[in-house]
>>> print(open('data-v3.cif').read())   # mmCIF, C-alpha atoms
data_query
loop_
_atom_site.label_atom_id
_atom_site.label_comp_id
_atom_site.auth_asym_id
_atom_site.auth_seq_id
_atom_site.Cartn_x
_atom_site.Cartn_y
_atom_site.Cartn_z
CA MET A 303 -52.65 14.31 -9.74
CA THR A 304 -56.31 14.36 -8.93
CA ALA A 305 -58.34 17.09 -7.36
CA LYS A 306 -62.02 16.97 -6.57
CA ALA A 307 -64.37 19.22 -4.72
CA SER A 308 -65.01 16.65 -2.05
CA GLY A 309 -63.36 13.60 -0.61
CA THR A 310 -65.92 11.07 -1.91
CA GLU A 311 -65.27 8.54 -4.69
CA PRO A 312 -65.70 9.93 -8.25
CA THR A 313 -68.78 7.92 -9.27
CA GLU A 314 -70.65 8.71 -6.07
CA HIS A 315 -69.52 12.30 -6.22
CA TYR A 316 -70.62 12.84 -9.87
CA ALA A 317 -73.99 11.28 -9.16
CA ARG A 318 -74.64 13.52 -6.19
CA VAL A 319 -73.29 16.81 -7.38
CA ASN A 320 -74.21 18.71 -10.50
CA ILE A 321 -70.92 19.29 -12.32
CA CYS A 322 -70.37 22.45 -14.36
CA ALA A 323 -67.06 21.37 -15.88
CA ARG A 324 -64.83 18.34 -15.56
CA LEU A 325 -61.23 17.80 -16.55
CA GLN A 326 -60.13 14.18 -16.52
CA GLN A 327 -56.43 13.35 -16.68
CA VAL A 328 -55.84 16.40 -18.88
CA SER A 329 -52.33 16.96 -20.18
CA LYS A 330 -51.22 19.60 -22.63
CA LEU A 331 -47.95 19.43 -24.50
CA PHE A 332 -46.39 22.26 -26.48
CA GLY A 333 -43.73 20.35 -28.41
CA SER A 334 -41.85 18.50 -25.72
CA PHE A 335 -42.88 20.91 -22.96
CA ALA A 336 -45.73 19.74 -20.76
CA ALA A 337 -47.77 22.77 -19.70
CA LEU A 338 -50.32 20.58 -17.90
CA ARG A 339 -49.81 17.08 -16.55
CA GLN A 340 -52.72 14.77 -15.85
CA VAL A 341 -54.92 17.36 -14.21
CA THR A 342 -58.27 16.12 -12.92
CA VAL A 343 -60.66 18.74 -11.58
CA ASP A 344 -64.42 18.98 -11.12
CA LEU A 345 -66.05 22.38 -11.03
CA GLU A 346 -69.44 22.79 -9.39
CA PRO A 347 -71.98 25.44 -10.34
CA GLY A 348 -72.20 28.55 -8.20
CA ARG A 349 -68.62 28.25 -6.94
CA CYS A 350 -65.58 30.41 -7.41
CA TYR A 351 -62.28 28.63 -8.01
CA VAL A 352 -59.08 30.57 -7.62
CA LEU A 353 -56.06 29.21 -9.50
CA LEU A 354 -52.71 30.05 -8.01
CA GLY A 355 -49.24 29.24 -9.19
CA GLU A 356 -46.02 30.75 -10.41
CA ASN A 357 -45.54 31.99 -13.95
CA GLY A 358 -45.54 29.01 -16.29
CA ALA A 359 -47.37 26.77 -13.82
CA GLY A 360 -50.14 26.12 -16.37
CA LYS A 361 -52.91 28.40 -15.10
CA SER A 362 -53.60 30.15 -18.40
CA THR A 363 -53.36 26.88 -20.31
CA LEU A 364 -55.94 25.35 -18.00
CA LEU A 365 -58.30 28.27 -18.60
CA ARG A 366 -57.80 28.14 -22.36
CA ILE A 367 -58.57 24.43 -22.36
CA LEU A 368 -61.75 25.05 -20.37
CA ALA A 369 -62.66 27.82 -22.83
CA GLY A 370 -62.19 25.44 -25.76
CA LEU A 371 -59.43 27.58 -27.25
CA LEU A 372 -56.90 24.78 -26.74
CA ARG A 373 -57.47 21.07 -27.09
CA PRO A 374 -55.87 18.82 -24.51
CA SER A 375 -53.10 16.53 -25.79
CA TYR A 376 -54.42 13.80 -23.52
CA GLY A 377 -57.47 13.47 -21.31
CA LYS A 378 -61.05 14.70 -21.54
CA VAL A 379 -62.78 18.02 -20.91
CA ARG A 380 -66.52 18.12 -20.41
CA VAL A 381 -68.69 21.13 -19.65
CA PHE A 382 -72.39 21.37 -18.72
CA GLY A 383 -72.90 17.62 -18.86
CA ASP A 384 -71.30 15.70 -21.66
CA SER A 385 -70.45 18.46 -24.13
CA GLY A 386 -67.05 19.65 -25.21
CA PRO A 387 -66.29 23.33 -24.57
CA GLN A 388 -66.36 24.05 -28.32
CA GLN A 389 -70.02 23.04 -28.48
CA GLU A 390 -70.95 25.18 -25.48
CA ARG A 391 -68.91 28.29 -26.15
CA ALA A 392 -71.97 30.58 -25.98
CA ARG A 393 -72.28 29.62 -22.30
CA ILE A 394 -68.62 30.26 -21.48
CA GLY A 395 -67.05 33.67 -20.94
CA TYR A 396 -63.29 34.01 -21.22
CA MET A 397 -61.26 37.05 -20.24
CA SER A 398 -57.59 36.91 -21.14
CA HIS A 399 -54.55 39.04 -20.21
CA ALA A 400 -55.22 40.97 -23.43
CA PRO A 401 -58.46 42.96 -23.60
CA MET A 402 -59.77 41.13 -26.74
CA LEU A 403 -61.45 44.31 -28.00
CA TYR A 404 -61.01 46.63 -30.98
CA ASP A 405 -58.96 49.77 -30.33
CA GLU A 406 -60.84 51.84 -32.92
CA LEU A 407 -64.32 51.33 -31.45
CA THR A 408 -65.73 52.82 -28.26
CA ALA A 409 -66.44 50.51 -25.33
CA GLN A 410 -70.15 50.50 -26.08
CA GLU A 411 -69.61 49.81 -29.78
CA ASN A 412 -67.31 46.91 -28.90
CA LEU A 413 -69.85 45.43 -26.52
CA ARG A 414 -72.75 45.96 -28.91
CA TYR A 415 -70.76 44.22 -31.63
CA PHE A 416 -70.02 41.15 -29.52
CA ALA A 417 -73.55 41.04 -28.08
CA SER A 418 -75.02 40.82 -31.56
CA LEU A 419 -72.91 37.71 -32.25
CA TYR A 420 -74.82 35.76 -29.59
CA PRO A 421 -78.17 35.20 -31.31
CA GLY A 422 -80.87 33.75 -29.07
CA ARG A 423 -78.89 34.49 -25.94
CA ASN A 424 -80.39 36.78 -23.31
CA CYS A 425 -77.55 39.29 -23.36
CA LEU A 426 -77.05 42.15 -20.95
CA ALA A 427 -77.48 45.59 -22.47
CA PRO A 428 -73.96 46.91 -23.23
CA ALA A 429 -74.65 50.13 -21.29
CA ASP A 430 -75.73 48.11 -18.23
CA ALA A 431 -72.65 45.89 -18.44
CA LEU A 432 -70.44 48.98 -18.55
CA ARG A 433 -72.24 50.54 -15.59
CA GLN A 434 -71.80 47.30 -13.65
CA VAL A 435 -68.03 47.50 -14.04
CA GLY A 436 -68.04 51.18 -13.09
CA LEU A 437 -67.58 52.72 -16.53
CA ASP A 438 -69.55 55.50 -18.15
CA PRO A 439 -71.33 54.01 -21.19
CA GLU A 440 -71.53 57.44 -22.82
CA LEU A 441 -67.75 57.69 -23.09
CA LYS A 442 -67.02 58.56 -26.73
CA ARG A 443 -63.28 57.90 -26.65
CA PRO A 444 -62.11 54.90 -28.68
CA PHE A 445 -61.07 51.92 -26.59
CA GLY A 446 -57.42 52.33 -27.69
CA GLN A 447 -57.22 55.55 -25.65
CA TYR A 448 -58.38 53.97 -22.39
CA SER A 449 -56.10 53.52 -19.39
CA GLN A 450 -55.04 49.97 -18.45
CA GLY A 451 -57.56 49.81 -15.62
CA MET A 452 -60.40 50.97 -17.86
CA ARG A 453 -59.39 48.40 -20.47
CA GLN A 454 -59.55 45.68 -17.85
CA ARG A 455 -63.03 46.79 -16.76
CA THR A 456 -64.27 46.97 -20.36
CA SER A 457 -62.85 43.53 -20.99
CA LEU A 458 -64.80 42.20 -18.00
CA ALA A 459 -67.93 43.93 -19.29
CA ARG A 460 -67.47 42.16 -22.64
CA VAL A 461 -67.36 38.83 -20.87
CA LEU A 462 -70.45 39.62 -18.80
CA VAL A 463 -72.59 40.74 -21.77
CA PRO A 464 -73.70 37.24 -22.94
CA SER A 465 -74.44 36.24 -19.30
CA PRO A 466 -72.11 33.21 -19.32
CA GLU A 467 -72.68 30.31 -16.95
CA LEU A 468 -68.98 29.57 -16.68
CA LEU A 469 -66.74 32.60 -16.30
CA LEU A 470 -63.00 32.15 -16.91
CA LEU A 471 -60.84 35.09 -15.88
CA ASP A 472 -57.12 35.20 -16.49
CA GLU A 473 -55.56 37.60 -13.99
CA PRO A 474 -58.51 39.99 -13.86
CA PHE A 475 -56.93 42.19 -11.17
CA SER A 476 -53.72 42.97 -13.04
CA ASN A 477 -53.24 46.69 -13.78
CA MET A 478 -56.01 47.58 -11.34
CA ASP A 479 -55.78 49.71 -8.26
CA VAL A 480 -56.85 48.07 -5.00
CA GLU A 481 -60.20 49.85 -4.81
CA SER A 482 -61.15 48.91 -8.38
CA ALA A 483 -60.09 45.33 -7.73
CA ARG A 484 -62.33 45.24 -4.63
CA GLN A 485 -65.26 46.51 -6.68
CA MET A 486 -64.57 43.79 -9.22
CA VAL A 487 -64.55 41.14 -6.49
CA GLU A 488 -67.94 42.40 -5.24
CA LEU A 489 -69.30 42.23 -8.78
CA LEU A 490 -68.01 38.67 -9.16
CA ALA A 491 -69.57 37.73 -5.82
CA ARG A 492 -72.96 38.89 -7.12
CA PHE A 493 -72.38 36.98 -10.33
CA ARG A 494 -71.56 33.78 -8.42
CA GLN A 495 -74.75 34.07 -6.34
CA SER A 496 -76.79 33.48 -9.50
CA ASP A 497 -75.46 29.89 -9.59
CA ARG A 498 -72.71 30.66 -12.10
CA THR A 499 -69.21 29.28 -11.86
CA ILE A 500 -66.10 31.43 -11.80
CA VAL A 501 -62.56 30.24 -12.39
CA LEU A 502 -59.95 32.94 -12.01
CA THR A 503 -56.19 33.01 -11.97
CA THR A 504 -54.30 35.54 -9.92
CA HIS A 505 -51.03 36.28 -8.22
CA GLN A 506 -52.89 38.45 -5.68
CA ARG A 507 -54.37 35.77 -3.46
CA ASP A 508 -55.62 38.22 -0.85
CA LEU A 509 -57.73 40.12 -3.37
CA ALA A 510 -59.55 36.99 -4.50
CA ALA A 511 -59.86 35.46 -1.01
CA PRO A 512 -63.33 36.94 -0.22
CA ILE A 513 -64.94 34.97 -3.07
CA ALA A 514 -62.68 31.91 -3.19
CA ASP A 515 -64.74 28.78 -2.48
CA TRP A 516 -61.81 26.64 -3.58
CA VAL A 517 -58.17 27.42 -4.07
CA LEU A 518 -56.30 25.30 -6.58
CA THR A 519 -52.54 25.62 -6.74
CA LEU A 520 -50.67 24.49 -9.83
CA ARG A 521 -46.98 23.72 -9.84
CA ALA A 522 -45.15 22.78 -13.06
CA GLY A 523 -48.42 21.77 -14.70
CA CYS A 524 -49.60 19.54 -11.83
CA VAL A 525 -52.21 20.18 -9.17
CA ALA A 526 -50.12 20.81 -6.07
CA SER A 527 -53.08 21.44 -3.79
CA PHE A 528 -56.85 21.82 -3.94
CA GLU A 529 -58.18 23.33 -0.74
CA PRO A 530 -61.41 24.94 0.39
CA GLY A 531 -61.25 28.71 0.73
CA ARG A 532 -62.88 30.95 3.32
CA PRO A 533 -65.23 33.12 1.29
CA THR A 534 -66.70 36.13 3.06
CA LEU A 535 -68.82 37.55 0.25
CA MET B 341 -77.35 38.45 -45.63
CA THR B 342 -77.34 37.00 -42.12
CA ARG B 343 -77.23 39.16 -39.07
CA ALA B 344 -73.75 38.00 -38.03
CA LEU B 345 -72.35 38.70 -41.50
CA TRP B 346 -73.80 42.21 -41.46
CA THR B 347 -72.48 42.76 -37.91
CA HIS B 348 -68.94 41.77 -38.92
CA LEU B 349 -69.10 43.78 -42.14
CA SER B 350 -70.40 46.97 -40.55
CA LYS B 351 -67.71 46.69 -37.87
CA ASP B 352 -64.94 46.37 -40.51
CA LEU B 353 -66.33 49.26 -42.55
CA ARG B 354 -66.69 51.47 -39.47
CA ILE B 355 -63.13 50.77 -38.34
CA GLU B 356 -61.71 51.44 -41.81
CA TRP B 357 -63.76 54.64 -42.13
CA ARG B 358 -62.18 55.89 -38.88
CA SER B 359 -58.60 54.91 -39.62
CA LEU B 360 -58.43 54.73 -43.48
CA ASP B 361 -55.30 52.57 -42.97
CA ALA B 362 -55.95 50.13 -45.80
CA MET B 363 -57.30 52.69 -48.25
CA ILE B 364 -54.43 55.13 -47.91
CA SER B 365 -51.72 52.48 -48.20
CA MET B 366 -53.44 50.92 -51.23
CA LEU B 367 -53.92 54.26 -52.97
CA PHE B 368 -50.28 55.26 -52.56
CA PHE B 369 -49.01 51.85 -53.59
CA SER B 370 -51.19 51.41 -56.66
CA GLY B 371 -50.61 55.02 -57.71
CA LEU B 372 -46.88 54.44 -57.45
CA VAL B 373 -47.04 51.29 -59.60
CA VAL B 374 -49.05 53.06 -62.31
CA VAL B 375 -46.65 56.03 -62.40
CA LEU B 376 -43.51 53.86 -62.34
CA PHE B 377 -44.73 51.67 -65.19
CA SER B 378 -45.65 54.72 -67.22
CA ILE B 379 -42.06 55.98 -66.75
CA ALA B 380 -40.49 52.59 -67.46
CA PHE B 381 -42.45 52.00 -70.69
CA ASP B 382 -43.45 54.44 -73.38
CA PRO B 383 -47.16 54.87 -72.68
CA ARG B 384 -48.14 55.89 -76.19
CA GLY B 385 -49.80 54.22 -79.13
CA GLU B 386 -50.66 50.53 -79.43
CA PHE B 387 -48.05 49.34 -77.01
CA SER B 388 -49.81 51.02 -74.11
CA GLN B 389 -53.04 49.21 -75.09
CA GLN B 390 -51.10 45.94 -74.95
CA ILE B 391 -49.51 46.40 -71.54
CA SER B 392 -52.12 48.47 -69.72
CA GLY B 393 -54.25 45.43 -68.82
CA GLY B 394 -51.24 43.82 -67.15
CA VAL B 395 -50.26 47.05 -65.39
CA LEU B 396 -53.77 47.52 -64.04
CA CYS B 397 -53.88 43.95 -62.70
CA VAL B 398 -50.40 44.12 -61.18
CA ALA B 399 -51.16 47.49 -59.57
CA THR B 400 -54.35 46.03 -58.09
CA MET B 401 -52.52 42.92 -56.94
CA PHE B 402 -49.66 44.68 -55.16
CA ALA B 403 -51.98 47.26 -53.64
CA SER B 404 -54.33 44.56 -52.39
CA VAL B 405 -51.53 42.59 -50.80
CA SER B 406 -50.52 45.63 -48.76
CA ALA B 407 -54.09 45.70 -47.38
CA LEU B 408 -54.48 41.93 -47.12
CA ASN B 409 -51.35 41.72 -44.98
CA GLN B 410 -53.24 43.84 -42.47
CA ALA B 411 -56.60 42.12 -42.97
CA TRP B 412 -56.44 40.30 -39.64
CA ALA B 413 -54.08 42.72 -37.86
CA ARG B 414 -56.85 44.10 -35.66
CA GLU B 415 -57.92 40.60 -34.70
CA ILE B 416 -54.33 39.60 -33.83
CA ARG B 417 -53.81 42.72 -31.71
CA HIS B 418 -55.20 42.27 -28.17
CA GLN B 419 -56.15 38.64 -29.02
CA VAL B 420 -59.50 39.72 -30.46
CA MET B 421 -59.39 36.52 -32.52
CA ASP B 422 -59.84 34.51 -29.31
CA ALA B 423 -62.99 36.50 -28.55
CA GLN B 424 -64.16 35.77 -32.11
CA ARG B 425 -63.48 32.05 -31.58
CA MET B 426 -65.59 32.10 -28.43
CA VAL B 427 -68.74 33.48 -30.07
CA PRO B 428 -71.29 30.97 -31.36
CA ALA B 429 -71.55 32.62 -34.81
CA PRO B 430 -69.96 30.58 -37.63
CA GLY B 431 -66.41 31.56 -38.62
CA ALA B 432 -67.33 31.46 -42.31
CA GLU B 433 -69.40 34.61 -41.84
CA LEU B 434 -66.43 36.40 -40.33
CA PHE B 435 -64.37 35.36 -43.35
CA LEU B 436 -67.03 36.42 -45.82
CA ALA B 437 -67.51 39.80 -44.13
CA LYS B 438 -63.76 40.41 -44.13
CA ALA B 439 -63.54 39.45 -47.82
CA ILE B 440 -66.47 41.70 -48.75
CA ALA B 441 -64.99 44.61 -46.78
CA ASN B 442 -61.60 44.24 -48.48
CA PHE B 443 -63.30 43.83 -51.85
CA LEU B 444 -65.06 47.17 -51.30
CA PHE B 445 -61.80 48.85 -50.26
CA VAL B 446 -59.96 47.60 -53.38
CA THR B 447 -62.90 48.55 -55.61
CA ILE B 448 -62.92 52.09 -54.24
CA VAL B 449 -59.18 52.34 -54.92
CA GLN B 450 -59.72 51.09 -58.49
CA VAL B 451 -62.45 53.67 -59.07
CA ILE B 452 -60.19 56.48 -57.80
CA LEU B 453 -57.24 55.18 -59.80
CA ALA B 454 -59.11 54.64 -63.09
CA PRO B 455 -59.07 58.25 -64.41
CA PHE B 456 -55.33 58.60 -63.66
CA PHE B 457 -54.71 55.26 -65.35
CA PHE B 458 -56.49 56.31 -68.53
CA VAL B 459 -54.61 59.62 -68.61
CA PHE B 460 -51.15 58.15 -67.92
CA TYR B 461 -51.54 55.38 -70.53
CA ASN B 462 -53.46 57.44 -73.05
CA LEU B 463 -56.04 54.64 -73.30
CA HIS B 464 -58.86 54.25 -75.79
CA ILE B 465 -61.02 51.23 -75.22
CA ALA B 466 -61.51 49.41 -78.53
CA GLY B 467 -63.62 46.52 -77.19
CA ASN B 468 -66.74 46.41 -75.01
CA ALA B 469 -65.91 48.82 -72.17
CA TRP B 470 -68.81 47.60 -70.03
CA LEU B 471 -67.10 44.20 -69.74
CA LEU B 472 -64.51 45.88 -67.51
CA ALA B 473 -67.30 46.22 -64.96
CA LEU B 474 -67.42 42.41 -64.96
CA VAL B 475 -63.73 41.56 -65.23
CA LEU B 476 -62.39 43.87 -62.54
CA PRO B 477 -64.82 42.82 -59.78
CA LEU B 478 -64.34 39.13 -60.65
CA GLY B 479 -60.54 39.43 -60.62
CA THR B 480 -60.59 41.54 -57.46
CA TRP B 481 -62.80 38.99 -55.70
CA ALA B 482 -60.42 36.19 -56.75
CA LEU B 483 -57.54 38.09 -55.20
CA VAL B 484 -59.29 39.31 -52.09
CA GLY B 485 -61.14 36.06 -51.30
CA ASN B 486 -57.96 34.03 -51.48
CA GLY B 487 -55.95 36.77 -49.81
CA VAL B 488 -58.20 36.96 -46.76
CA PHE B 489 -58.23 33.18 -46.46
CA PHE B 490 -54.46 32.78 -46.72
CA ALA B 491 -53.86 35.78 -44.47
CA ALA B 492 -55.89 33.92 -41.84
CA LEU B 493 -53.94 30.75 -42.53
CA SER B 494 -50.60 32.50 -42.03
CA MET B 495 -51.82 34.49 -39.03
CA SER B 496 -49.93 32.50 -36.43
CA SER B 497 -46.68 32.57 -38.41
CA ARG B 498 -43.90 34.96 -37.45
CA ASN B 499 -43.22 35.76 -41.14
CA ARG B 500 -46.89 36.11 -41.97
CA GLU B 501 -46.43 38.96 -44.47
CA LEU B 502 -43.85 37.08 -46.51
CA LEU B 503 -45.82 33.85 -46.20
CA LEU B 504 -48.99 35.45 -47.55
CA SER B 505 -47.24 36.59 -50.73
CA LEU B 506 -45.54 33.21 -51.15
CA ILE B 507 -48.83 31.31 -50.91
CA LEU B 508 -51.15 33.80 -52.57
CA PHE B 509 -49.25 34.72 -55.74
CA PRO B 510 -48.84 31.18 -57.16
CA ILE B 511 -52.47 30.33 -56.41
CA PHE B 512 -53.64 33.59 -57.95
CA ILE B 513 -51.76 32.98 -61.25
CA PRO B 514 -54.72 31.43 -63.16
CA ALA B 515 -56.98 34.31 -62.12
CA LEU B 516 -54.25 36.86 -62.91
CA LEU B 517 -53.79 35.34 -66.34
CA ALA B 518 -57.53 35.45 -67.02
CA MET B 519 -57.76 39.00 -65.69
CA VAL B 520 -54.82 40.28 -67.76
CA GLN B 521 -55.95 38.51 -70.96
CA SER B 522 -59.53 39.68 -70.68
CA THR B 523 -58.65 43.33 -69.88
CA THR B 524 -56.11 43.38 -72.73
CA ALA B 525 -58.77 41.93 -75.06
CA ILE B 526 -61.19 44.64 -73.95
CA PHE B 527 -58.62 47.45 -74.36
CA THR B 528 -57.39 46.30 -77.80
CA GLY B 529 -60.62 44.80 -79.13
CA ASP B 530 -58.53 42.13 -80.90
CA SER B 531 -60.17 39.06 -79.37
CA ASP B 532 -63.22 37.89 -77.45
CA PRO B 533 -62.62 38.07 -73.68
CA MET B 534 -65.60 35.84 -72.77
CA LEU B 535 -63.56 32.64 -72.40
CA TRP B 536 -61.27 34.35 -69.89
CA ILE B 537 -64.24 35.86 -68.07
CA LYS B 538 -65.83 32.42 -67.75
CA MET B 539 -62.55 31.14 -66.37
CA LEU B 540 -62.59 33.93 -63.78
CA VAL B 541 -66.16 33.05 -62.79
CA GLY B 542 -65.18 29.38 -62.39
CA TYR B 543 -62.10 30.29 -60.39
CA ASP B 544 -64.13 32.51 -58.07
CA ILE B 545 -66.80 29.87 -57.48
CA ILE B 546 -64.29 27.11 -56.75
CA PHE B 547 -62.00 29.09 -54.47
CA THR B 548 -64.74 30.94 -52.61
CA THR B 549 -66.57 27.67 -51.92
CA ALA B 550 -63.36 25.98 -50.78
CA SER B 551 -62.48 28.93 -48.53
CA LEU B 552 -65.95 28.99 -46.95
CA LEU B 553 -65.81 25.25 -46.28
CA LEU B 554 -62.28 25.29 -44.89
CA PHE B 555 -62.28 28.54 -42.96
CA ASP B 556 -63.77 27.13 -39.75
CA THR B 557 -60.92 24.61 -39.59
CA ILE B 558 -58.18 27.22 -39.73
CA PHE B 559 -60.20 29.65 -37.63
CA HIS B 560 -60.36 27.22 -34.72
CA ALA B 561 -56.83 25.88 -35.17
CA GLU B 562 -54.60 26.38 -32.12
#
>>> encode(input="data-v3.cif", output="structure tokens")
Amino acid sequence: MTAKASGTEPTEHYARVNICARLQQVSKLFGSFAALRQVTVDLEPGRCYVLLGENGAGKSTLLRILAGLLRPSYGKVRVFGDSGPQQERARIGYMSHAPMLYDELTAQENLRYFASLYPGRNCLAPADALRQVGLDPELKRPFGQYSQGMRQRTSLARVLVPSPELLLLDEPFSNMDVESARQMVELLARFRQSDRTIVLTTHQRDLAAPIADWVLTLRAGCVASFEPGRPTL
Amino acid sequence: MTRALWTHLSKDLRIEWRSLDAMISMLFFSGLVVVLFSIAFDPRGEFSQQISGGVLCVATMFASVSALNQAWAREIRHQVMDAQRMVPAPGAELFLAKAIANFLFVTIVQVILAPFFFVFYNLHIAGNAWLLALVLPLGTWALVGNGVFFAALSMSSRNRELLLSLILFPIFIPALLAMVQSTTAIFTGDSDPMLWIKMLVGYDIIFTTASLLLFDTIFHAE
């Protein structure tokens, strides 16, 4: 199935619109199981794409392919022009279900560690990133002792530190109370206004609705629908 | 030393300093091997000179494997490895930092263990004692370099701990042989250990180079 951000023909569309990422006929097989089937999607800069779908629909696989952590079995993935995601990983931020941080270090130590692995990149100061997600940067507790919600916020801060141009968030609102999730949505809205692209998966459609420029629904690895959202932020 | 290498290394050292997981398990394990061998064999006279090189190497090997099994545990937990794959720094530096960190941990354990070892086996070094300062680091690097590499290779396997031993031990045999022969030669003073030491140097160069060249491939494997 094919999904594009407008109804025009592909060639005309690509010429007119600056594309942040493009998946062309992407399929991903795990053994004989097809997690994604011929997915074609164009992502424009400065937009927020919300991926919906049941468990096992292929949302996380799609994000991991965009992040360059998985290679498609068939089809092409291009980001920021004609590069593969592996070549542009400094410009991509990926937040998974798991926090992807070290339990033994404090939040600030974790962020400082990852920031120093992005040489030449204009990284956010770890303390500022933590403040942005509503955490106290002076917290001395190791990350392993944080609550689930705090872990989720720290994980988002880690992704924000290298100022990525394409932000991939896998269920960022899970384990968060409604108020914290709203704050996160406001933060993402500010992030999107600086012409950066957000792709997020969620089961809580209402929470993501205020920033959803496009809503893409996956069903059994196929694009079931690709509709414009009604963003309010 | 590049900045990324130092960043990875200081992170590993800081985490180990806080938890002491690897150090404590290695100390107990190697201490146990030394004591058990001293009970199993009569640690007196010439015989102890003959076997002590082998005991020292085997104690180091088993102790290291207990730490190497956990070398990537913190990266597996919470999918930190995915975050590592996303950074633009080369994977080889992550490997090298991990190998250096584990090398330091094993070396510290050897330094702590050494006095007990000499007491338990009633050792008198007949050869050039200073050569031990060459043999032990070379042998330890051979073990740790390969161990960190193969631990990364078996990371996605369900039986990763068993797999590491199955891959590592056969590949480590030439280095083990060189390490045992050279330490025995140093303890007894019967022969010249230089040939074995050269073999260890060659082994280290070949396997470290191969690991550095191949690590990115296994690091970015799905």
>>> interface_residues(input="data-v3.cif", of="chain A", to="chain B", cutoff="10 Å", atoms="only C-alpha atoms", output="PyMOL selection string")
chain A and resi 366+369-373+387-407+411-412+414-421+423+460-461+464
>>> atom_distance(input="data-v3.cif", atom1="CA of Arg453 in chain A", atom2="CA of Pro428 in chain A")
14.9 Å
>>> closest_residue(input="data-v3.cif", among="B:Ile465, B:Leu493, B:Glu501, B:Leu476", to="Ser388 in chain B", atoms="all atoms listed in the file")
B:Ile465
>>> resolve_selection(input="data-v3.cif", expression="the PyMOL selection byres ((chain A and resi 352) around 12)", output="ChimeraX atom specification")
/A:345,349-351,353-355,361,365,469-474,487,499-520,527-533
>>> closest_residue(input="data-v3.cif", among="B:Ala362, B:Val405, B:Ala399, B:Ala466", to="Leu502 in chain B", atoms="only C-alpha atoms")
B:Val405
>>> residues_around(input="data-v3.cif", residues="range 432-439 of chain A", least_positions_apart="3", cutoff="6 Å", atoms="all atoms listed in the file", output="compact mmCIF listing (two decimals) with C-alpha atoms, in the coordinates of the input")
# COMPACT_ATOMS: atom_id res chain seq x y z
CA ALA A 429 -74.65 50.13 -21.29
CA ARG A 455 -63.03 46.79 -16.76
CA ALA A 459 -67.93 43.93 -19.29
>>> resolve_selection(input="data-v3.cif", expression="the PyMOL selection byres ((chain B and resi 489) around 10)", output="list in words")
Leu408, Ala411, Phe435, Leu436, Lys438, Ala439, Val484, Gly485, Asn486, Gly487, Val488, Phe490, Ala491, Ala492, Leu493, Ser494, Met495, Leu504, Leu508, Phe547, Thr548, Ala550, Ser551, Leu552, Leu554, Phe555, Ile558 and Phe559 of chain B
>>> closest_residue(input="data-v3.cif", among="A:Asp344, A:Glu481, A:Glu440, A:Glu356", to="Gln327 in chain A", atoms="only C-alpha atoms")
A:Asp344
>>> closest_residue(input="data-v3.cif", among="A:Pro347, A:Gly451, A:Asp430, A:Ala491", to="Thr534 in chain A", atoms="only C-alpha atoms")
A:Ala491
>>> atom_distance(input="data-v3.cif", atom1="CA of Gly348 in chain A", atom2="CA of Gly523 in chain A")
25.6 Å
>>> atom_distance(input="data-v3.cif", atom1="CA of Thr342 in chain A", atom2="CA of Leu468 in chain A")
17.6 Å
>>> resolve_selection(input="data-v3.cif", expression="the PyMOL selection byres ((chain B and resi 369) around 12)", output="PyMOL selection string")
chain B and resi 362-368+370-376+398-407+446+449-450+453
>>> residues_around(input="data-v3.cif", residues="Thr524 in chain B", least_positions_apart="3", cutoff="9 Å", atoms="only C-alpha atoms", output="list in words")
Gln389, Gln390, Ile391, Ser392, Gly393, Gly394, Met519, Val520, Gln521, Phe527, Thr528, Gly529, Asp530, Ser531 and Pro533 of chain B
>>> write_last_selection(input="data-v3.cif", atoms="C-alpha atoms", output="PDB file, in the coordinates of the input")
ATOM      1  CA  GLN B 389     -53.040  49.210 -75.090  1.00  0.00           C
ATOM      2  CA  GLN B 390     -51.100  45.940 -74.950  1.00  0.00           C
ATOM      3  CA  ILE B 391     -49.510  46.400 -71.540  1.00  0.00           C
ATOM      4  CA  SER B 392     -52.120  48.470 -69.720  1.00  0.00           C
ATOM      5  CA  GLY B 393     -54.250  45.430 -68.820  1.00  0.00           C
ATOM      6  CA  GLY B 394     -51.240  43.820 -67.150  1.00  0.00           C
ATOM      7  CA  MET B 519     -57.760  39.000 -65.690  1.00  0.00           C
ATOM      8  CA  VAL B 520     -54.820  40.280 -67.760  1.00  0.00           C
ATOM      9  CA  GLN B 521     -55.950  38.510 -70.960  1.00  0.00           C
ATOM     10  CA  PHE B 527     -58.620  47.450 -74.360  1.00  0.00           C
ATOM     11  CA  THR B 528     -57.390  46.300 -77.800  1.00  0.00           C
ATOM     12  CA  GLY B 529     -60.620  44.800 -79.130  1.00  0.00           C
ATOM     13  CA  ASP B 530     -58.530  42.130 -80.900  1.00  0.00           C
ATOM     14  CA  SER B 531     -60.170  39.060 -79.370  1.00  0.00           C
ATOM     15  CA  PRO B 533     -62.620  38.070 -73.680  1.00  0.00           C
TER      16      PRO B 533
END
>>> closest_residue(input="data-v3.cif", among="A:Val343, A:Ala409, A:Met486, A:Ala359", to="Val381 in chain A", atoms="all atoms listed in the file")
A:Val343
>>> residues_around(input="data-v3.cif", residues="Ala515 in chain B", least_positions_apart="5", cutoff="10 Å", atoms="all atoms listed in the file", output="PyMOL selection string")
chain B and resi 478-483+520-521+536-537+539-544
